[in-house]
Structures are given as C-alpha cells and as structure tokens.
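As structure tokens, the structure follows; a few thoughts come after it.
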Amino acid sequence: MQQACLFCRIIGYDTPAEFVHEDDLLVAFKDLRPQAPVHLLICPRKHIPTLNDLMPEDNALIGHIFQVVKKLAMQSNIHQKGYRTVFNVNAGAGQSVYHLHLHLLGGRMFSWPPG
Ligand code: 5GP
Ligand code: ZN
C-alpha cells in the first residue's frame, strides 16, 4: 500500500470507486472517464508500478487477472461481439497511473491499429 498511489487508495477505500469485483488478489472498478460503454480497470491489490516490474512470483496473479476479465466480459455481455484488453506501459503508451491495471473495454467497435 502506497498512500501516494491513487489505485492503492481506491483499493484501501480511501478514494471512492464503483467496484464490480473484489477478491483476495485484485479488485475491478469502473473507469472514471470511460472510453467505451464498458470500461473496467482490473487492478492487483499488490502495488506493482508497471508491467516492467512484474516478477516470476506474479505469474499466478496475471493468470487470475485474465480469468476475472473473462468473467467480467461475460457479465457485461460483451464476450460475443468482442472486447479489448490493454496494459498501457509507461508514458509512451499513455500510462497515467503507475499501479498495474488492465483495461477491459467493450460495447462499441474498435479500430486497429490503435491510436
Ligand atoms: P492509464 O492511463 O494509466 O493506462 O489508465 C488510468 C485510467 O484510470 C484512465 O483510464 C483514467 O480515466 C482512470 N482514472 C484516473 N483517475 C481515476 C479515479 O479517480 N477513479 C477511477 N475509477 N478511474 C480513474
Ligand atoms: Zn498502488
């Protein structure tokens, strides 16, 4: 827990968020500025700044993130039409909060390549 970290504060209930999933390893909540009708952030409880800081002992966590994504995509009914999952890593990819989180986006068409 890093008091200066926005997502640590959300996980610690110091900053409000609209949670859609909570378990021992991670939480998921709605993005404050959604870029699609469904825009969820899946966020480990452990403070890991970026994907570059991932350790071998985090492998189970990463697997679990994608199991939760699958569940949330089905719950949101975006699993058949399609959805996108994104880890932004560092400033060049647009990362603005330095606590690892996976974006789950759906409910509209997405273009490729991304901007
Ligand atoms: P990043 O840019 O780091 O990949 O993603 C950070 C995301 O966090 C952005 O999509 C942004 O809209 C979202 N965000 C920023 N501040 C808050 C907040 O206080 N609450 C919630 N729920 N989302 C936030
Ligand atoms: Zn944090």
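By convention in this document, the chains of the structure tokens carry letters A, B, ... by their order, each chain's residues are numbered from 1, and ligands are numbered from 1 in the order they are shown.
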- Item | Selection near segment 9-26 of chain A, 8 Å with only C-alpha atoms, sequence-local residues under 5 positions removed, as a ChimeraX atom specification | /A:1-4,42-46,61,65
Hey, what does DSSP flag as helix (DSSP H, G or I) within chain A? Can you give it to me as a JSON list (two decimals) with N, CA and C atoms, in the first residue's frame?
[["chain", "number", "residue", "atom", "x", "y", "z"],
["A", 6, "LEU", "N", -2.91, 6.54, -6.31],
["A", 6, "LEU", "CA", -4.37, 6.65, -6.44],
["A", 6, "LEU", "C", -5.04, 5.28, -6.35],
["A", 7, "PHE", "N", -4.51, 4.28, -7.06],
["A", 7, "PHE", "CA", -5.19, 2.98, -7.06],
["A", 7, "PHE", "C", -5.00, 2.25, -5.73],
["A", 8, "CYS", "N", -3.89, 2.46, -5.03],
["A", 8, "CYS", "CA", -3.77, 1.92, -3.67],
["A", 8, "CYS", "C", -4.83, 2.54, -2.77],
["A", 9, "ARG", "N", -5.10, 3.83, -2.96],
["A", 9, "ARG", "CA", -6.13, 4.48, -2.13],
["A", 9, "ARG", "C", -7.52, 3.96, -2.48],
["A", 10, "ILE", "N", -7.79, 3.69, -3.75],
["A", 10, "ILE", "CA", -9.08, 3.09, -4.13],
["A", 10, "ILE", "C", -9.21, 1.70, -3.50],
["A", 11, "ILE", "N", -8.14, 0.91, -3.60],
["A", 11, "ILE", "CA", -8.16, -0.45, -3.03],
["A", 11, "ILE", "C", -8.38, -0.39, -1.51],
["A", 51, "LEU", "N", 4.13, -3.09, -15.95],
["A", 51, "LEU", "CA", 4.40, -4.47, -16.39],
["A", 51, "LEU", "C", 5.90, -4.78, -16.34],
["A", 52, "ASN", "N", 6.73, -3.75, -16.48],
["A", 52, "ASN", "CA", 8.19, -3.95, -16.40],
["A", 52, "ASN", "C", 8.64, -4.43, -15.03],
["A", 53, "ASP", "N", 7.79, -4.23, -14.02],
["A", 53, "ASP", "CA", 8.16, -4.60, -12.64],
["A", 53, "ASP", "C", 7.61, -5.97, -12.25],
["A", 56, "PRO", "N", 8.57, -13.18, -11.46],
["A", 56, "PRO", "CA", 8.08, -14.55, -11.72],
["A", 56, "PRO", "C", 7.01, -14.97, -10.71],
["A", 57, "GLU", "N", 7.10, -14.49, -9.46],
["A", 57, "GLU", "CA", 6.09, -14.89, -8.46],
["A", 57, "GLU", "C", 4.72, -14.25, -8.72],
["A", 58, "ASP", "N", 4.65, -13.35, -9.68],
["A", 58, "ASP", "CA", 3.37, -12.73, -10.04],
["A", 58, "ASP", "C", 2.63, -13.52, -11.13],
["A", 59, "ASN", "N", 3.19, -14.63, -11.56],
["A", 59, "ASN", "CA", 2.56, -15.36, -12.68],
["A", 59, "ASN", "C", 1.14, -15.80, -12.37],
["A", 60, "ALA", "N", 0.89, -16.28, -11.15],
["A", 60, "ALA", "CA", -0.46, -16.73, -10.80],
["A", 60, "ALA", "C", -1.42, -15.53, -10.81],
["A", 61, "LEU", "N", -0.94, -14.39, -10.36],
["A", 61, "LEU", "CA", -1.75, -13.18, -10.36],
["A", 61, "LEU", "C", -2.18, -12.81, -11.78],
["A", 62, "ILE", "N", -1.23, -12.85, -12.71],
["A", 62, "ILE", "CA", -1.54, -12.49, -14.10],
["A", 62, "ILE", "C", -2.55, -13.47, -14.69],
["A", 63, "GLY", "N", -2.39, -14.74, -14.41],
["A", 63, "GLY", "CA", -3.38, -15.73, -14.87],
["A", 63, "GLY", "C", -4.75, -15.43, -14.30],
["A", 64, "HIS", "N", -4.77, -15.08, -13.02],
["A", 64, "HIS", "CA", -6.04, -14.78, -12.35],
["A", 64, "HIS", "C", -6.70, -13.55, -12.95],
["A", 65, "ILE", "N", -5.91, -12.52, -13.28],
["A", 65, "ILE", "CA", -6.46, -11.31, -13.91],
["A", 65, "ILE", "C", -7.29, -11.69, -15.14],
["A", 66, "PHE", "N", -6.75, -12.59, -15.96],
["A", 66, "PHE", "CA", -7.46, -12.92, -17.21],
["A", 66, "PHE", "C", -8.68, -13.80, -16.97],
["A", 67, "GLN", "N", -8.66, -14.61, -15.90],
["A", 67, "GLN", "CA", -9.88, -15.35, -15.55],
["A", 67, "GLN", "C", -10.98, -14.38, -15.12],
["A", 68, "VAL", "N", -10.60, -13.34, -14.37],
["A", 68, "VAL", "CA", -11.58, -12.35, -13.93],
["A", 68, "VAL", "C", -12.07, -11.53, -15.12],
["A", 69, "VAL", "N", -11.18, -11.17, -16.04],
["A", 69, "VAL", "CA", -11.58, -10.46, -17.26],
["A", 69, "VAL", "C", -12.64, -11.27, -18.01],
["A", 70, "LYS", "N", -12.39, -12.55, -18.14],
["A", 70, "LYS", "CA", -13.34, -13.42, -18.86],
["A", 70, "LYS", "C", -14.71, -13.38, -18.18],
["A", 71, "LYS", "N", -14.72, -13.47, -16.85],
["A", 71, "LYS", "CA", -15.96, -13.43, -16.10],
["A", 71, "LYS", "C", -16.66, -12.07, -16.28],
["A", 72, "LEU", "N", -15.89, -10.99, -16.19],
["A", 72, "LEU", "CA", -16.49, -9.65, -16.30],
["A", 72, "LEU", "C", -17.00, -9.38, -17.71],
["A", 73, "ALA", "N", -16.29, -9.90, -18.71],
["A", 73, "ALA", "CA", -16.74, -9.73, -20.10],
["A", 73, "ALA", "C", -18.07, -10.46, -20.30],
["A", 74, "MET", "N", -18.21, -11.62, -19.72],
["A", 74, "MET", "CA", -19.48, -12.37, -19.84],
["A", 74, "MET", "C", -20.58, -11.64, -19.08],
["A", 75, "GLN", "N", -20.25, -11.18, -17.86],
["A", 75, "GLN", "CA", -21.24, -10.43, -17.05],
["A", 75, "GLN", "C", -21.73, -9.18, -17.77],
["A", 91, "ALA", "N", 4.95, 6.21, -20.25],
["A", 91, "ALA", "CA", 4.35, 7.40, -20.85],
["A", 91, "ALA", "C", 4.11, 7.25, -22.35],
["A", 92, "GLY", "N", 5.00, 6.55, -23.04],
["A", 92, "GLY", "CA", 4.88, 6.41, -24.49],
["A", 92, "GLY", "C", 3.62, 5.67, -24.91],
["A", 93, "ALA", "N", 3.07, 4.88, -24.01],
["A", 93, "ALA", "CA", 1.82, 4.15, -24.31],
["A", 93, "ALA", "C", 0.63, 4.79, -23.60]]
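Candidate residues A:His47, A:Arg108, A:His101, A:His79 were compared for distance to ligand 1, and the nearest is A:His101, using only C-alpha atoms and all ligand atoms.
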- Task: Please give me, as a ChimeraX atom specification, the residues lying within 6 Å of ligand 1 when counting only C-alpha atoms and all ligand atoms.
- Result: /A:17,30-33,88,94-97
Atoms kept (N, CA and C atoms) for selection, written as a JSON list (two decimals), in the first residue's frame:
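The result, written out as result-v8.json:
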[["chain", "number", "residue", "atom", "x", "y", "z"],
["A", 17, "ALA", "N", -14.77, 4.45, -5.56],
["A", 17, "ALA", "CA", -14.82, 3.91, -6.92],
["A", 17, "ALA", "C", -16.01, 2.96, -6.98],
["A", 30, "LYS", "N", -15.07, 0.58, -12.22],
["A", 30, "LYS", "CA", -15.37, 1.33, -13.45],
["A", 30, "LYS", "C", -14.40, 2.48, -13.61],
["A", 31, "ASP", "N", -13.93, 2.69, -14.84],
["A", 31, "ASP", "CA", -13.06, 3.83, -15.13],
["A", 31, "ASP", "C", -13.86, 5.13, -14.98],
["A", 32, "LEU", "N", -13.23, 6.12, -14.37],
["A", 32, "LEU", "CA", -13.89, 7.42, -14.13],
["A", 32, "LEU", "C", -14.23, 8.14, -15.43],
["A", 33, "ARG", "N", -13.39, 7.97, -16.44],
["A", 33, "ARG", "CA", -13.60, 8.61, -17.75],
["A", 33, "ARG", "C", -13.65, 7.53, -18.82],
["A", 88, "ASN", "N", -1.38, -0.36, -20.62],
["A", 88, "ASN", "CA", -0.52, 0.72, -21.07],
["A", 88, "ASN", "C", 0.75, 0.70, -20.21],
["A", 94, "GLY", "N", 0.87, 5.91, -22.92],
["A", 94, "GLY", "CA", -0.25, 6.63, -22.29],
["A", 94, "GLY", "C", -0.55, 6.23, -20.87],
["A", 95, "GLN", "N", 0.37, 5.50, -20.20],
["A", 95, "GLN", "CA", 0.11, 5.16, -18.80],
["A", 95, "GLN", "C", 0.12, 6.43, -17.95],
["A", 96, "SER", "N", -0.92, 6.60, -17.14],
["A", 96, "SER", "CA", -1.01, 7.80, -16.29],
["A", 96, "SER", "C", -1.07, 7.45, -14.81],
["A", 97, "VAL", "N", -1.44, 6.22, -14.47],
["A", 97, "VAL", "CA", -1.45, 5.78, -13.07],
["A", 97, "VAL", "C", -0.46, 4.62, -12.95]]
